[in-house]
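Structure file my_file_23.cif; described as mmCIF, C-alpha atoms.
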```
data_start
#
loop_
_atom_site.label_atom_id
_atom_site.label_comp_id
_atom_site.auth_asym_id
_atom_site.auth_seq_id
_atom_site.Cartn_x
_atom_site.Cartn_y
_atom_site.Cartn_z
CA MET A 1 92.68 -20.86 7.57
CA ASP A 2 93.98 -17.54 8.69
CA PHE A 3 92.06 -14.41 7.62
CA PHE A 4 91.77 -10.77 8.57
CA VAL A 5 88.87 -8.30 8.69
CA VAL A 6 89.68 -4.85 7.44
CA HIS A 7 86.86 -2.17 7.38
CA GLY A 8 84.06 -4.47 6.30
CA TYR A 9 86.14 -6.65 4.04
CA ARG A 10 87.21 -10.19 4.87
CA LEU A 11 90.63 -11.05 3.57
CA ILE A 12 90.65 -14.79 2.84
CA LYS A 13 93.40 -15.25 0.41
CA PRO A 14 95.94 -12.83 -0.77
CA PHE A 15 94.53 -10.50 -3.38
CA LEU A 16 90.91 -12.02 -3.00
CA ARG A 17 88.31 -9.79 -1.32
CA VAL A 18 84.53 -10.46 -0.72
CA LYS A 19 82.18 -7.56 0.27
CA ILE A 20 79.74 -8.33 3.15
CA VAL A 21 76.77 -5.87 3.67
CA PRO A 22 76.01 -5.44 7.37
CA PHE A 23 72.91 -7.47 8.37
CA SER A 24 71.37 -4.72 10.54
CA VAL A 25 71.36 -2.23 7.66
CA GLY A 26 69.48 -4.68 5.39
CA VAL A 27 66.80 -5.35 7.95
CA THR A 28 66.21 -1.64 8.48
CA LEU A 29 65.74 -0.95 4.76
CA ILE A 30 63.32 -3.84 4.26
CA GLY A 31 61.23 -2.84 7.30
CA SER A 32 61.02 0.78 6.15
CA GLY A 33 59.81 -0.30 2.73
CA LEU A 34 57.04 -2.49 4.13
CA ALA A 35 55.92 0.30 6.46
CA ILE A 36 55.61 2.77 3.58
CA ILE A 37 53.58 0.28 1.51
CA TYR A 38 51.30 -0.42 4.50
CA TYR A 39 50.44 3.24 5.16
CA LEU A 40 49.88 3.94 1.46
CA ARG A 41 47.49 0.99 1.13
CA LYS A 42 45.67 0.86 4.46
CA ASP A 43 42.86 3.34 3.54
CA ASP A 44 42.24 1.51 0.28
CA VAL A 45 42.05 -1.78 2.13
CA ASP A 46 39.49 -0.33 4.59
CA ASP A 47 37.29 1.13 1.84
CA GLU A 48 37.40 -1.82 -0.51
CA CYS A 49 37.08 -4.39 2.28
CA VAL A 50 39.60 -6.77 0.68
CA SER A 51 39.39 -9.89 2.82
CA ASP A 52 42.61 -11.55 1.60
CA VAL A 53 44.95 -8.74 2.72
CA PRO A 54 46.55 -9.96 5.97
CA VAL A 55 47.72 -6.52 7.10
CA ARG A 56 44.66 -5.69 9.29
CA PRO A 57 41.16 -7.12 9.98
CA CYS A 58 38.45 -6.09 7.46
CA LYS A 59 35.34 -4.18 8.64
CA ARG A 60 32.08 -4.04 6.61
CA LYS A 61 30.94 -0.58 5.60
CA ARG A 62 27.94 0.83 7.50
CA THR A 63 25.33 3.14 5.98
CA PHE A 64 22.10 4.97 6.79
CA THR A 65 18.83 6.01 5.15
CA GLU A 66 16.12 8.53 5.97
CA ILE A 67 12.32 8.21 5.68
CA GLN A 68 9.82 11.06 5.91
CA ILE A 69 6.80 10.05 8.00
CA ASP A 70 3.66 12.09 8.58
CA LYS A 71 3.51 13.46 12.11
CA ASP A 72 0.13 11.85 12.77
CA ARG A 73 1.68 8.43 12.06
CA ILE A 74 4.64 8.72 14.45
CA GLY A 75 2.74 7.59 17.54
CA HIS A 76 1.46 4.45 15.80
CA LEU A 77 4.92 3.67 14.44
CA ILE A 78 6.77 4.06 17.75
CA GLY A 79 4.12 2.22 19.75
CA LYS A 80 3.40 2.37 23.46
CA GLY A 81 6.68 2.76 25.31
CA GLY A 82 8.57 2.45 22.02
CA ILE A 83 7.67 -1.24 21.68
CA ASN A 84 7.36 -1.16 17.87
CA ILE A 85 10.64 0.63 17.22
CA LYS A 86 12.46 -1.70 19.63
CA GLU A 87 11.07 -4.71 17.75
CA PHE A 88 12.21 -3.27 14.39
CA GLN A 89 15.70 -2.64 15.78
CA ASP A 90 16.01 -6.11 17.31
CA LYS A 91 14.83 -7.93 14.18
CA SER A 92 16.96 -5.91 11.75
CA ALA A 93 20.07 -5.29 13.93
CA THR A 94 19.88 -1.55 13.19
CA ARG A 95 19.57 1.67 15.16
CA ILE A 96 16.44 3.75 14.49
CA THR A 97 16.12 7.36 15.62
CA PHE A 98 14.10 10.48 14.73
CA LYS A 99 15.46 13.91 13.93
CA ASP A 100 14.27 16.84 16.01
CA GLU A 101 10.79 17.99 15.07
CA VAL A 102 10.48 21.10 12.88
CA PRO A 103 7.24 22.93 13.81
CA THR A 104 6.63 24.11 10.22
CA ASP A 105 6.88 20.60 8.75
CA ASN A 106 4.03 18.11 8.70
CA PHE A 107 6.43 15.17 8.86
CA ARG A 108 9.26 13.73 10.97
CA VAL A 109 12.47 12.25 9.59
CA CYS A 110 13.23 8.67 10.64
CA VAL A 111 16.93 7.69 10.42
CA ILE A 112 18.01 4.04 10.12
CA ARG A 113 21.70 3.14 10.64
CA GLY A 114 23.44 -0.18 10.17
CA LEU A 115 24.82 -2.56 7.57
CA PRO A 116 23.31 -2.04 4.09
CA SER A 117 21.27 -5.26 4.06
CA ASN A 118 19.99 -4.63 7.60
CA VAL A 119 19.03 -1.03 6.79
CA GLN A 120 17.07 -2.26 3.77
CA LYS A 121 15.30 -4.83 5.94
CA ALA A 122 14.37 -2.24 8.59
CA GLU A 123 13.11 0.18 5.92
CA PHE A 124 10.85 -2.52 4.48
CA MET A 125 9.54 -3.42 7.94
CA ILE A 126 8.66 0.21 8.71
CA LYS A 127 6.97 0.84 5.35
CA ASP A 128 5.11 -2.46 5.59
CA PHE A 129 3.90 -1.54 9.09
CA LEU A 130 2.66 1.86 7.90
CA ALA A 131 0.93 0.24 4.93
CA LYS A 132 -0.89 -2.23 7.19
CA HIS A 133 -1.91 0.52 9.59
CA LYS A 134 -3.01 3.13 7.08
CA MET A 135 -4.84 6.17 8.34
CA GLU A 136 -8.45 6.14 7.21
CA THR A 137 -11.26 8.68 7.47
CA LEU A 138 -14.89 8.02 8.35
CA GLU A 139 -17.66 10.63 8.11
CA PHE A 140 -21.19 10.21 9.46
CA PHE A 141 -23.95 12.30 10.97
CA ILE A 142 -25.44 12.39 14.46
CA PRO A 143 -28.61 14.15 15.73
CA GLN A 144 -28.13 17.87 16.23
CA ASN A 145 -29.03 17.75 19.93
CA THR A 146 -26.23 15.27 20.69
CA CYS A 147 -23.36 17.53 19.63
CA GLY A 148 -22.71 18.89 23.14
CA LEU A 149 -22.95 15.39 24.60
CA ILE A 150 -20.05 14.18 22.43
CA ILE A 151 -17.88 17.27 22.91
CA GLY A 152 -18.46 17.70 26.67
CA LYS A 153 -17.65 20.65 28.88
CA GLY A 154 -14.56 22.38 27.55
CA GLY A 155 -14.01 19.43 25.17
CA SER A 156 -13.45 17.00 28.06
CA THR A 157 -15.60 14.18 26.63
CA ILE A 158 -14.18 14.24 23.12
CA ARG A 159 -10.62 14.29 24.50
CA LEU A 160 -11.42 11.21 26.59
CA LEU A 161 -12.93 9.45 23.54
CA GLN A 162 -9.80 10.24 21.53
CA LYS A 163 -7.49 9.01 24.27
CA GLU A 164 -9.33 5.70 24.76
CA SER A 165 -9.82 4.96 21.06
CA GLY A 166 -6.54 6.36 19.74
CA ALA A 167 -8.44 8.08 16.90
CA LYS A 168 -8.80 11.76 16.12
CA ILE A 169 -12.44 12.94 16.37
CA LEU A 170 -13.86 16.18 14.96
CA VAL A 171 -17.47 17.35 15.37
CA ASP A 172 -18.28 19.98 12.72
CA SER A 173 -21.21 22.08 13.88
CA SER A 174 -20.99 24.31 10.79
CA ASP A 175 -22.06 21.59 8.34
CA PHE A 176 -25.76 21.85 7.53
CA GLU A 177 -25.79 19.78 4.35
CA VAL A 178 -28.22 17.34 5.97
CA LYS A 179 -30.04 17.33 9.30
CA GLY A 180 -27.54 16.57 11.99
CA GLN A 181 -23.92 17.27 12.81
CA LYS A 182 -21.08 15.80 10.79
CA VAL A 183 -18.54 13.75 12.72
CA THR A 184 -15.15 12.97 11.20
CA ILE A 185 -12.94 10.23 12.65
CA LYS A 186 -9.34 9.69 11.53
CA GLY A 187 -7.20 6.73 12.52
CA THR A 188 -6.58 3.09 11.73
CA SER A 189 -9.52 0.86 10.91
CA GLU A 190 -9.49 -0.58 14.43
CA GLU A 191 -9.34 2.88 16.05
CA ILE A 192 -12.16 4.20 13.87
CA ASN A 193 -14.45 1.29 14.74
CA LYS A 194 -13.71 1.69 18.45
CA ALA A 195 -14.39 5.44 18.36
CA LYS A 196 -17.58 4.98 16.34
CA ASN A 197 -18.94 2.42 18.79
CA MET A 198 -18.04 4.60 21.77
CA ILE A 199 -19.90 7.57 20.24
CA LYS A 200 -22.91 5.41 19.47
CA SER A 201 -22.98 4.03 23.01
CA LYS A 202 -22.64 7.54 24.43
CA ILE A 203 -25.67 8.73 22.48
CA GLU A 204 -27.78 5.67 23.22
CA GLU A 205 -27.22 6.22 26.95
CA GLN A 206 -29.20 9.46 26.69
CA PHE A 207 -31.80 8.58 24.04
CA SER A 208 -34.31 5.78 23.69
CA PRO A 209 -34.36 3.68 20.50
CA SER A 210 -37.41 5.63 19.27
CA GLU A 211 -35.47 8.89 19.55
CA PHE A 212 -32.23 7.59 18.07
CA SER A 213 -32.10 4.86 15.47
CA GLY A 214 -28.32 4.67 15.24
CA ILE A 215 -25.58 6.34 13.26
CA GLN A 216 -26.37 6.52 9.54
CA ARG A 217 -23.59 6.70 7.02
CA ARG A 218 -24.07 8.67 3.85
CA PRO A 219 -24.10 6.73 0.56
CA ASN A 220 -20.51 6.16 -0.45
CA SER A 221 -19.21 3.72 -3.03
CA SER A 222 -16.24 2.84 -0.81
CA ASP A 223 -18.64 1.25 1.72
CA ILE A 224 -18.88 -1.93 -0.31
CA PHE A 225 -15.17 -2.55 0.18
CA GLU A 226 -15.41 -2.70 3.97
CA SER A 227 -15.38 -6.50 3.76
CA PHE A 228 -11.91 -6.20 2.19
CA GLU A 229 -10.70 -3.91 5.01
CA SER A 230 -9.46 -1.26 2.59
CA SER A 231 -10.37 2.37 2.07
CA ASN A 232 -7.66 2.94 -0.54
CA VAL A 233 -10.07 2.58 -3.46
CA GLU A 234 -11.22 4.80 -6.27
CA THR A 235 -14.75 6.10 -5.71
CA LEU A 236 -17.49 7.60 -7.85
CA ASP A 237 -19.44 10.66 -6.76
CA SER A 238 -23.10 11.13 -7.47
CA GLY A 239 -23.72 13.59 -10.27
CA SER A 240 -20.25 13.12 -11.78
CA GLU A 241 -19.66 13.98 -15.41
CA VAL A 242 -19.72 11.48 -18.23
CA MET A 243 -16.51 9.42 -18.24
CA GLN A 244 -15.02 6.66 -20.33
CA VAL A 245 -14.71 3.35 -18.49
CA HIS A 246 -13.71 -0.28 -18.98
CA VAL A 247 -15.70 -3.14 -17.48
CA SER A 248 -12.96 -5.30 -15.94
CA SER A 249 -15.08 -8.14 -14.51
CA MET A 250 -18.74 -8.97 -14.00
CA ARG A 251 -21.21 -11.34 -12.42
CA ASN A 252 -24.40 -9.87 -13.84
CA PRO A 253 -25.88 -6.44 -14.71
CA SER A 254 -26.39 -5.72 -11.00
CA SER A 255 -22.81 -6.51 -10.00
CA PHE A 256 -19.80 -5.60 -12.12
CA TYR A 257 -16.48 -3.78 -11.76
CA ILE A 258 -15.27 -0.85 -13.83
CA GLN A 259 -11.99 1.03 -14.24
CA ILE A 260 -11.95 4.71 -15.15
CA ALA A 261 -10.15 5.09 -18.50
CA ASP A 262 -7.97 8.12 -17.82
CA GLU A 263 -4.45 8.76 -16.54
CA ARG A 264 -5.13 6.43 -13.60
CA ARG A 265 -5.32 3.45 -15.95
CA CYS A 266 -2.02 4.53 -17.53
CA LYS A 267 -0.44 4.63 -14.07
CA LEU A 268 -1.85 1.17 -13.34
CA LYS A 269 -0.33 -0.32 -16.49
CA LYS A 270 3.05 1.26 -15.76
CA MET A 271 2.97 -0.03 -12.19
CA GLU A 272 2.10 -3.56 -13.37
CA GLU A 273 5.11 -3.56 -15.71
CA GLU A 274 7.33 -2.55 -12.80
CA MET A 275 5.78 -5.25 -10.61
CA LEU A 276 6.45 -7.90 -13.24
CA THR A 277 10.16 -7.02 -13.28
CA PHE A 278 10.33 -6.66 -9.50
CA TYR A 279 8.63 -9.95 -8.54
CA GLU A 280 10.36 -12.07 -11.17
CA SER A 281 13.56 -11.51 -9.19
CA ALA A 282 14.38 -14.53 -7.01
CA GLU A 283 15.88 -12.24 -4.38
CA ASN A 284 12.70 -10.13 -4.14
CA GLN A 285 10.52 -13.24 -4.03
CA GLN A 286 12.51 -14.52 -1.05
CA LEU A 287 12.32 -11.13 0.70
CA HIS A 288 8.51 -10.95 0.27
CA LYS A 289 7.70 -14.58 1.07
CA LEU A 290 4.77 -15.05 3.45
CA GLU A 291 4.74 -17.54 6.28
CA SER A 292 1.07 -16.78 6.99
CA ALA A 293 -1.63 -14.38 5.82
CA GLY A 294 -4.79 -13.12 7.47
CA VAL A 295 -7.98 -11.77 5.96
CA GLY A 296 -7.37 -8.24 4.68
CA ARG A 297 -3.66 -8.81 3.99
CA LEU A 298 -2.43 -7.02 0.85
CA VAL A 299 -0.59 -9.40 -1.46
CA VAL A 300 0.52 -9.91 -5.04
CA ALA A 301 -0.37 -13.04 -6.95
CA LYS A 302 0.10 -14.44 -10.42
CA TYR A 303 -3.14 -14.54 -12.38
CA SER A 304 -3.83 -17.17 -15.02
CA ASP A 305 -2.15 -14.93 -17.65
CA GLY A 306 1.18 -15.29 -15.83
CA LYS A 307 1.40 -11.65 -14.68
CA TRP A 308 1.58 -10.30 -11.12
CA TYR A 309 -1.41 -8.32 -9.81
CA ARG A 310 -2.29 -6.61 -6.55
CA GLY A 311 -4.81 -8.39 -4.35
CA THR A 312 -6.16 -8.80 -0.85
CA VAL A 313 -7.02 -11.95 1.08
CA VAL A 314 -10.78 -12.15 1.62
CA LYS A 315 -11.12 -15.72 2.90
CA ILE A 316 -8.96 -18.54 4.23
CA LYS A 317 -9.93 -22.18 3.91
CA SER A 318 -9.63 -23.75 7.36
CA SER A 319 -6.93 -26.35 7.96
CA SER A 320 -5.19 -25.56 4.68
CA ASP A 321 -2.95 -23.03 2.98
CA LEU A 322 -5.62 -22.01 0.45
CA LEU A 323 -6.38 -18.29 0.27
CA LYS A 324 -9.21 -16.57 -1.58
CA VAL A 325 -7.62 -13.55 -3.27
CA PHE A 326 -9.61 -10.57 -4.57
CA TYR A 327 -7.72 -8.68 -7.29
CA VAL A 328 -8.27 -5.08 -6.20
CA ASP A 329 -7.65 -3.47 -9.60
CA TYR A 330 -9.92 -5.77 -11.64
CA GLY A 331 -12.51 -7.40 -9.38
CA ASP A 332 -11.59 -11.02 -10.19
CA ILE A 333 -11.33 -13.67 -7.47
CA GLU A 334 -9.10 -16.77 -7.36
CA TRP A 335 -8.15 -19.42 -4.82
CA LYS A 336 -4.36 -19.48 -4.40
CA ASN A 337 -1.88 -21.50 -2.35
CA LEU A 338 -0.06 -19.50 0.32
CA SER A 339 3.26 -20.36 -1.34
CA SER A 340 2.13 -18.70 -4.60
CA VAL A 341 1.34 -15.27 -3.13
CA LEU A 342 3.82 -12.68 -1.88
CA ALA A 343 3.68 -9.59 0.31
CA LEU A 344 2.85 -6.38 -1.53
CA ASN A 345 5.85 -4.06 -1.39
CA PRO A 346 4.94 -0.60 0.00
CA LYS A 347 6.09 1.15 -3.18
CA PHE A 348 3.21 -0.51 -5.04
CA GLN A 349 0.56 0.55 -2.52
CA ASP A 350 0.24 4.27 -3.24
CA LEU A 351 -1.99 3.95 -6.31
CA LYS A 352 -5.61 3.55 -5.25
CA HIS A 353 -7.35 0.27 -6.03
CA GLN A 354 -8.85 0.74 -9.48
CA ALA A 355 -11.75 -1.75 -9.48
CA ILE A 356 -15.04 0.00 -8.61
CA LEU A 357 -18.11 -2.13 -7.93
CA CYS A 358 -21.22 -0.82 -9.72
CA SER A 359 -24.77 -1.78 -10.69
CA LEU A 360 -26.60 -0.87 -13.88
CA ASP A 361 -29.00 2.02 -13.39
CA GLY A 362 -32.67 2.11 -14.42
CA ILE A 363 -33.36 -1.62 -14.54
CA ARG A 364 -34.18 -4.51 -12.24
CA LYS A 365 -34.38 -8.20 -12.92
CA ILE A 366 -37.81 -9.75 -13.52
CA GLU A 367 -36.95 -13.22 -12.26
CA GLU A 368 -35.34 -14.16 -8.96
CA SER A 369 -31.93 -14.09 -10.59
CA TRP A 370 -30.54 -12.78 -13.85
CA PRO A 371 -30.81 -15.36 -16.65
CA GLU A 372 -27.58 -16.39 -18.31
CA GLU A 373 -28.76 -14.85 -21.58
CA ALA A 374 -29.06 -11.44 -19.89
CA THR A 375 -25.52 -11.63 -18.55
CA ASP A 376 -24.25 -12.75 -21.97
CA LEU A 377 -25.92 -9.76 -23.66
CA PHE A 378 -24.56 -7.39 -21.00
CA GLU A 379 -21.08 -8.82 -21.53
CA SER A 380 -21.26 -8.44 -25.32
CA LEU A 381 -22.30 -4.80 -24.95
CA THR A 382 -19.74 -3.78 -22.33
CA TYR A 383 -16.79 -6.15 -21.96
CA ASP A 384 -13.69 -5.89 -24.12
CA PRO A 385 -10.46 -7.51 -22.86
CA GLU A 386 -8.43 -5.43 -25.32
CA CYS A 387 -10.08 -2.22 -24.05
CA ASN A 388 -10.88 -1.01 -27.57
CA LYS A 389 -14.60 -0.61 -26.89
CA LYS A 390 -15.65 2.98 -26.19
CA LEU A 391 -17.93 2.72 -23.17
CA MET A 392 -19.21 5.82 -21.41
CA ALA A 393 -20.68 5.98 -17.89
CA ARG A 394 -22.32 8.40 -15.49
CA VAL A 395 -23.36 7.93 -11.86
CA GLU A 396 -27.13 8.38 -11.55
CA GLY A 397 -27.51 7.47 -7.88
CA PHE A 398 -26.84 4.69 -5.40
CA SER A 399 -28.48 1.33 -4.76
CA ALA A 400 -28.35 -0.72 -1.55
CA SER A 401 -26.70 -4.14 -1.63
CA ASN A 402 -27.63 -7.20 0.45
CA ASN A 403 -25.35 -6.17 3.32
CA ASN A 404 -26.82 -2.65 3.53
CA VAL A 405 -24.00 -0.79 1.82
CA TYR A 406 -24.38 1.52 -1.15
CA ILE A 407 -23.18 0.82 -4.67
CA PRO A 408 -23.04 3.44 -7.45
CA SER A 409 -25.80 2.97 -10.02
CA VAL A 410 -24.34 3.92 -13.39
CA SER A 411 -25.89 4.40 -16.79
CA LEU A 412 -23.76 2.90 -19.58
CA ARG A 413 -23.70 3.79 -23.26
CA SER A 414 -21.69 2.03 -25.92
CA LEU A 415 -20.44 4.42 -28.60
CA GLU A 416 -19.87 2.04 -31.49
CA GLU A 417 -20.47 2.32 -35.21
CA GLU A 418 -24.19 1.71 -34.71
CA GLY A 419 -24.37 4.90 -32.63
CA ASN A 420 -25.18 5.87 -29.06
CA LEU A 421 -26.45 2.61 -27.54
CA SER A 422 -28.00 2.48 -24.06
CA VAL A 423 -27.12 -0.79 -22.32
CA THR A 424 -30.16 -0.50 -20.02
CA GLU A 425 -32.57 0.05 -22.93
CA GLU A 426 -31.11 -2.92 -24.83
CA LEU A 427 -31.65 -5.27 -21.89
CA ILE A 428 -35.22 -4.02 -21.35
CA ALA A 429 -35.98 -4.33 -25.07
CA LYS A 430 -34.89 -7.99 -24.97
CA GLY A 431 -37.25 -8.64 -22.06
CA PHE A 432 -34.53 -9.25 -19.45
CA GLY A 433 -35.62 -6.54 -17.03
CA GLU A 434 -38.07 -3.74 -16.28
CA ALA A 435 -37.45 -0.03 -16.06
CA ILE A 436 -37.19 1.65 -12.66
CA THR A 437 -36.04 4.97 -11.27
CA SER A 438 -33.06 5.22 -8.88
CA SER A 439 -34.09 4.41 -5.30
CA ILE A 440 -31.60 6.97 -3.98
CA PRO A 441 -31.58 10.07 -6.22
CA ASN A 442 -28.57 12.18 -7.06
CA LEU A 443 -27.40 14.50 -4.33
CA VAL A 444 -26.25 16.69 -7.22
CA PRO A 445 -28.39 15.77 -10.25
CA GLY A 446 -26.48 15.29 -13.48
CA GLY A 447 -27.22 17.48 -16.45
CA ASP A 448 -27.76 16.71 -20.12
CA GLU A 449 -24.13 16.01 -20.92
CA ASP A 450 -22.93 15.17 -24.38
CA TRP A 451 -22.28 11.39 -24.39
CA SER A 452 -20.28 11.45 -27.58
#
```
Here is the file; what I need is its structure written in the form of structure tokens.
Amino acid sequence: MDFFVVHGYRLIKPFLRVKIVPFSVGVTLIGSGLAIIYYLRKDDVDDECVSDVPVRPCKRKRTFTEIQIDKDRIGHLIGKGGINIKEFQDKSATRITFKDEVPTDNFRVCVIRGLPSNVQKAEFMIKDFLAKHKMETLEFFIPQNTCGLIIGKGGSTIRLLQKESGAKILVDSSDFEVKGQKVTIKGTSEEINKAKNMIKSKIEEQFSPSEFSGIQRRPNSSDIFESFESSNVETLDSGSEVMQVHVSSMRNPSSFYIQIADERRCKLKKMEEEMLTFYESAENQQLHKLESAGVGRLVVAKYSDGKWYRGTVVKIKSSSDLLKVFYVDYGDIEWKNLSSVLALNPKFQDLKHQAILCSLDGIRKIEESWPEEATDLFESLTYDPECNKKLMARVEGFSASNNNVYIPSVSLRSLEEEGNLSVTEELIAKGFGEAITSSIPNLVPGGDEDWS
């Protein structure tokens, strides 16, 4: 069929015209529209990480966090040749750096960069490492004539001891509280023990056993916790004022645990509520799951009341996953399966352990062991699971335990309706013990405080 094209119109039949839009113009308009939509949306796509938008590949958002770390902990954290930091980076797939040191600050800022979940993992690893390698302080006394031997000419000997042990050592020649010079060692538990043994060996090289009988530690209630490898415990000082307490657990009148009933107990209860919420989360349980646990490891475990409590592993049954857990805030002990205990998150480690081991002052057992009736009477006078009983205590001195550590000897009075009742006098009156005076007197004798 004949037809003609006239200026964009195709003439097919006389008087019938059909308009044809040029193809190239249509393509140009469509392309321009898509380009505008792309550039308007591309930033939103990047930020929101929408995976089903086919315009460009999606990238996960990276983040960072900062941790303030005491300057005296930096060396332990980094490790020799940076081995610790490298391990943290490899395991968490993050980058860990430190901001430039500010001379006026007593801390350094650690910066962790990476994906959010990886940053969280690295932060936990660092805080867990610092919690396991807490800085502790040990004080003891050495003979006065050995001070120069430990310090050395121009401080050369003490610098060598510090370098080899990794601990910080200070000899205070101005302390004359007792005969001898006070030595203070700061470092991890392992570093402190190494430094202490090096000092002892150094002294024994110059003195015969008759001249030097060994380093003697001053009575300190925290000594009894050495078997639990923890110095983060509440302590009682000799000559302290009268205080209200709760007996949290007991074995007999010579061995029981108390909590001080002040703001520290309020902090403990608040922390335990937070722990209950935290560890009931399946995600947090998975994050804090333990594949193994050694003696001294800080953990959380469910007690028979169904609540989570802080604890430490004190014994492991060989060839099994059974752990003996000591509840550090109450003094109870339970055997638990490894699968039923979790790692203690660093944010729950700041509060000192609240259970303080004590013995009753002014009494000793008559028989080889305390009769059950004596323990029952002691329990009825002191123990109250609801903590409604008003029980007052005062440190009268210290008594030595079987493993040659010192335990605070406390006098206890129950302030009930019947009046001011001495627990010691009640036990003696019932014939369960005999009166004695403290074997180690107060360094600062207590006065006649009002017990009411």
Once the PyMOL selection byres ((chain A and resi 150) around 9) has been applied to the shown file, what residues remain in the selection, as a ChimeraX atom specification? /A:146-149,151-152,155,157-158,161,171,199,202-203
Shell of 12 Å around region 361-377 of chain A, all atoms listed in the file, local chain residues under 2 positions omitted, as a tab-separated table (two decimals) with C-alpha atoms, in the coordinates of the input:
```
chain	number	residue	atom	x	y	z
A	249	SER	CA	-15.08	-8.14	-14.51
A	250	MET	CA	-18.74	-8.97	-14.00
A	251	ARG	CA	-21.21	-11.34	-12.42
A	252	ASN	CA	-24.40	-9.87	-13.84
A	253	PRO	CA	-25.88	-6.44	-14.71
A	254	SER	CA	-26.39	-5.72	-11.00
A	255	SER	CA	-22.81	-6.51	-10.00
A	256	PHE	CA	-19.80	-5.60	-12.12
A	358	CYS	CA	-21.22	-0.82	-9.72
A	359	SER	CA	-24.77	-1.78	-10.69
A	379	GLU	CA	-21.08	-8.82	-21.53
A	380	SER	CA	-21.26	-8.44	-25.32
A	381	LEU	CA	-22.30	-4.80	-24.95
A	382	THR	CA	-19.74	-3.78	-22.33
A	383	TYR	CA	-16.79	-6.15	-21.96
A	393	ALA	CA	-20.68	5.98	-17.89
A	394	ARG	CA	-22.32	8.40	-15.49
A	395	VAL	CA	-23.36	7.93	-11.86
A	396	GLU	CA	-27.13	8.38	-11.55
A	397	GLY	CA	-27.51	7.47	-7.88
A	398	PHE	CA	-26.84	4.69	-5.40
A	399	SER	CA	-28.48	1.33	-4.76
A	407	ILE	CA	-23.18	0.82	-4.67
A	408	PRO	CA	-23.04	3.44	-7.45
A	409	SER	CA	-25.80	2.97	-10.02
A	410	VAL	CA	-24.34	3.92	-13.39
A	411	SER	CA	-25.89	4.40	-16.79
A	412	LEU	CA	-23.76	2.90	-19.58
A	413	ARG	CA	-23.70	3.79	-23.26
A	422	SER	CA	-28.00	2.48	-24.06
A	423	VAL	CA	-27.12	-0.79	-22.32
A	424	THR	CA	-30.16	-0.50	-20.02
A	425	GLU	CA	-32.57	0.05	-22.93
A	426	GLU	CA	-31.11	-2.92	-24.83
A	427	LEU	CA	-31.65	-5.27	-21.89
A	428	ILE	CA	-35.22	-4.02	-21.35
A	429	ALA	CA	-35.98	-4.33	-25.07
A	430	LYS	CA	-34.89	-7.99	-24.97
A	431	GLY	CA	-37.25	-8.64	-22.06
A	432	PHE	CA	-34.53	-9.25	-19.45
A	433	GLY	CA	-35.62	-6.54	-17.03
A	434	GLU	CA	-38.07	-3.74	-16.28
A	435	ALA	CA	-37.45	-0.03	-16.06
A	436	ILE	CA	-37.19	1.65	-12.66
A	437	THR	CA	-36.04	4.97	-11.27
A	438	SER	CA	-33.06	5.22	-8.88
A	439	SER	CA	-34.09	4.41	-5.30
A	440	ILE	CA	-31.60	6.97	-3.98
A	441	PRO	CA	-31.58	10.07	-6.22
A	442	ASN	CA	-28.57	12.18	-7.06
```
Go through the shown structure with the PyMOL selection byres ((chain A and resi 70-78) around 8) and write out the matching residues as an mmCIF file with C-alpha atoms, keeping the file's coordinate frame.
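The result, written out as expr_27.cif:
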```cif
data_model
loop_
_atom_site.group_PDB
_atom_site.id
_atom_site.type_symbol
_atom_site.label_atom_id
_atom_site.label_comp_id
_atom_site.auth_asym_id
_atom_site.auth_seq_id
_atom_site.Cartn_x
_atom_site.Cartn_y
_atom_site.Cartn_z
ATOM 1 C CA GLN A 68 9.820 11.060 5.910
ATOM 2 C CA ILE A 69 6.800 10.050 8.000
ATOM 3 C CA GLY A 79 4.120 2.220 19.750
ATOM 4 C CA LYS A 80 3.400 2.370 23.460
ATOM 5 C CA GLY A 81 6.680 2.760 25.310
ATOM 6 C CA GLY A 82 8.570 2.450 22.020
ATOM 7 C CA ILE A 83 7.670 -1.240 21.680
ATOM 8 C CA ASN A 84 7.360 -1.160 17.870
ATOM 9 C CA ILE A 85 10.640 0.630 17.220
ATOM 10 C CA ASN A 106 4.030 18.110 8.700
ATOM 11 C CA PHE A 107 6.430 15.170 8.860
ATOM 12 C CA ARG A 108 9.260 13.730 10.970
ATOM 13 C CA ILE A 126 8.660 0.210 8.710
ATOM 14 C CA PHE A 129 3.900 -1.540 9.090
ATOM 15 C CA LEU A 130 2.660 1.860 7.900
ATOM 16 C CA MET A 135 -4.840 6.170 8.340
#
```
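For the set A:Leu415, A:Met271, A:Ala343, A:Val247, the residue with the smallest atom-to-atom gap to Leu290 (chain A) is A:Ala343, counting only C-alpha atoms.
When CA of His353 (chain A) is paired with CA of Phe141 (chain A), their separation reads 26.6 Å.
Among the candidates A:Asn345, A:Ser319, A:Ile142, A:Gln354, the one nearest to Gly331 (chain A) when counting all atoms listed in the file is A:Gln354.
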Non-local contacts of Leu170 (chain A) (8 Å; only C-alpha atoms; under 4 positions in same chain excluded) as a PyMOL selection string: chain A and resi 183-185
Kindly resolve the PyMOL selection byres ((chain A and resi 306) around 12) on the present coordinates and return the residues as JSON, numbers by chain. {"A": [276, 279, 280, 301, 302, 303, 304, 305, 307, 308, 309, 340]}
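As for CA of Phe278 (chain A) and CA of Glu123 (chain A), they are spaced 17.1 Å apart.
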